[in-house]
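Q: Dropping the structure in here first, questions after.
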Amino acid sequence: MKNNIPLIVLGATILSGCAPGSVAPKVTTQEYVEPMVGTTNKAYMGDHIIRSATGYKTELLKLGNASGSLSEIKEGTYCHTGNNVYANPIDKNSIGLKNLYGVVVNSVNYVTYDKAKNTISPPNGTTYNSSEISIQYVPNGLCMVSDSFVKTIEYNGKSGNTLKFTYREFSNNMARSAYTTDFTFDLSEGTKVVAYKGAKIRINEANNSLIDYTIVSGFDSRKEF
């Protein structure tokens, strides 16, 4: 980790706790669905067959944990907010800023990223390279906001003509209680399209361990990850 500002200035900035506050991008979020609508897929028992989440598409950084003499970084996904700044929308205290004694005295949720050098920098003049922290750049990923609402349907096997599924929904930051319910689908009724909570899935073939299916529509949207 490199320290890029004079020691006297660094001490004054961190000791006084005057680091900038957290960054929250101003964006419009929407629901995205995977797999893509219209695609045919296979899944094993226990796998989710459809998943949706609320967020927006942008450049991402997936960072590992790191700790240096003047800062520490928590593992997580950091979303591009403009001007090479990447912020963690879930954890507002993901970047700890330390004083000269190595004690965290302030925290923010963002770093700047130098794509050419593949380095990140917290807002106190320090820099980490890829040998000091895991840095994965994603050019067009889904940034899940703090109140992102996730919905999934999992396949739980087949018994006779009955297919078994589990529906789950939860908030990405877990502030909302998770909700889980099981439901079944009877193939003997003549239709092969499972419709649940707005999602529609056409069953092509299924046994107790594997299901082959086509996504007809998502829960609320036709957008895909």
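Every chain in the structure tokens takes a letter, A first, then B, and so on in the order presented; its residues are numbered from 1, and the ligands are numbered from 1 following the presented order.
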Give the alpha helix (DSSP H) residues of stretch 2-225 of chain A, as assigned by DSSP on the backbone, as a PyMOL selection string.
A: chain A and resi 7-15
Q: Now that the selection is made, can you save its residues with C-alpha atoms as a PDB file, in the first residue's frame?
A:
ATOM      1  CA  LEU A   7       2.599  12.983   6.678  1.00  0.00           C
ATOM      2  CA  ILE A   8       1.628  16.306   8.285  1.00  0.00           C
ATOM      3  CA  VAL A   9      -1.384  16.745   6.009  1.00  0.00           C
ATOM      4  CA  LEU A  10      -2.392  13.117   6.477  1.00  0.00           C
ATOM      5  CA  GLY A  11      -2.302  13.426  10.227  1.00  0.00           C
ATOM      6  CA  ALA A  12      -4.393  16.585  10.184  1.00  0.00           C
ATOM      7  CA  THR A  13      -6.994  15.092   7.875  1.00  0.00           C
ATOM      8  CA  ILE A  14      -7.496  11.745   9.568  1.00  0.00           C
ATOM      9  CA  LEU A  15      -7.090  12.857  13.149  1.00  0.00           C
TER      10      LEU A  15
END
Q: Taking 4 positions as the minimum chain separation for residues in the same chain, which residues sit within 9 Å of stretch 113-123 of chain A when counting only C-alpha atoms? Answer as a list in words.
A: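 Non-adjacent residues within range: Ala19, Pro20, Leu61, Ser71, Glu72, Ile73, Asn84, Val85, Tyr86, Ile95, Gly96, Leu97, Val108, Asn109, Thr127, Tyr128, Asn129, Ser130, Ile133, Ile135 and Tyr137 of chain A.
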Q: Any idea what the distance is between atom CA of A:Tyr56 and atom CA of A:Val23?
A: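 Interatomic distance here is 15.9 Å.
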Q: Mind pulling up the distance from atom CA of A:Gly190 to atom CA of A:Arg168?
A: 26.4 Å
Q: Find the spatial neighbours of A:Tyr44, counting only C-alpha atoms, within a cut-off of 12 Å - ignore same-chain residues fewer than 4 positions away - and output them as a VMD selection string.
A: chain A and resid 48 to 49 154 to 158 165 206 to 213
Q: So how far away is atom CA of A:Ala53 from atom CA of A:Ser217, in Å?
A: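 Computing it gives 14.4 Å between the two atoms.
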Q: Please give the complete set of residues from stretch 4-133 of chain A that DSSP, run on the backbone, assigns to strand (DSSP E or B), formatted as number ranges by chain.
A: A: 30-34, 40-44, 48-63, 66-67, 71-73, 76-82, 85-87, 95-98, 104-108, 110-114, 119-121, 126-128
Q: From the set A:Thr166, A:Asn124, A:Asn204, A:Ser188, which residue has the shortest atom-to-atom contact distance to A:Gly46, counting only C-alpha atoms?
A: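 With only C-alpha atoms as the atom set, the closest residue is A:Thr166.
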Q: So which residues touch A:Ile203 within 7 Å, counting only C-alpha atoms, skipping near sequence neighbours fewer than 2 positions away, as a ChimeraX atom specification?
A: /A:192-193,201,205,212-214
Q: Pick the closest to A:Glu31 from A:Lys151, A:Lys74, A:His80, A:Lys197: which is it, counting only C-alpha atoms?
A: A:Lys151
Q: With only C-alpha atoms as the atoms that count, which of A:Val138, A:Asp220, A:Cys79, A:Ile215 lies nearest to A:Thr40?
A: A:Ile215
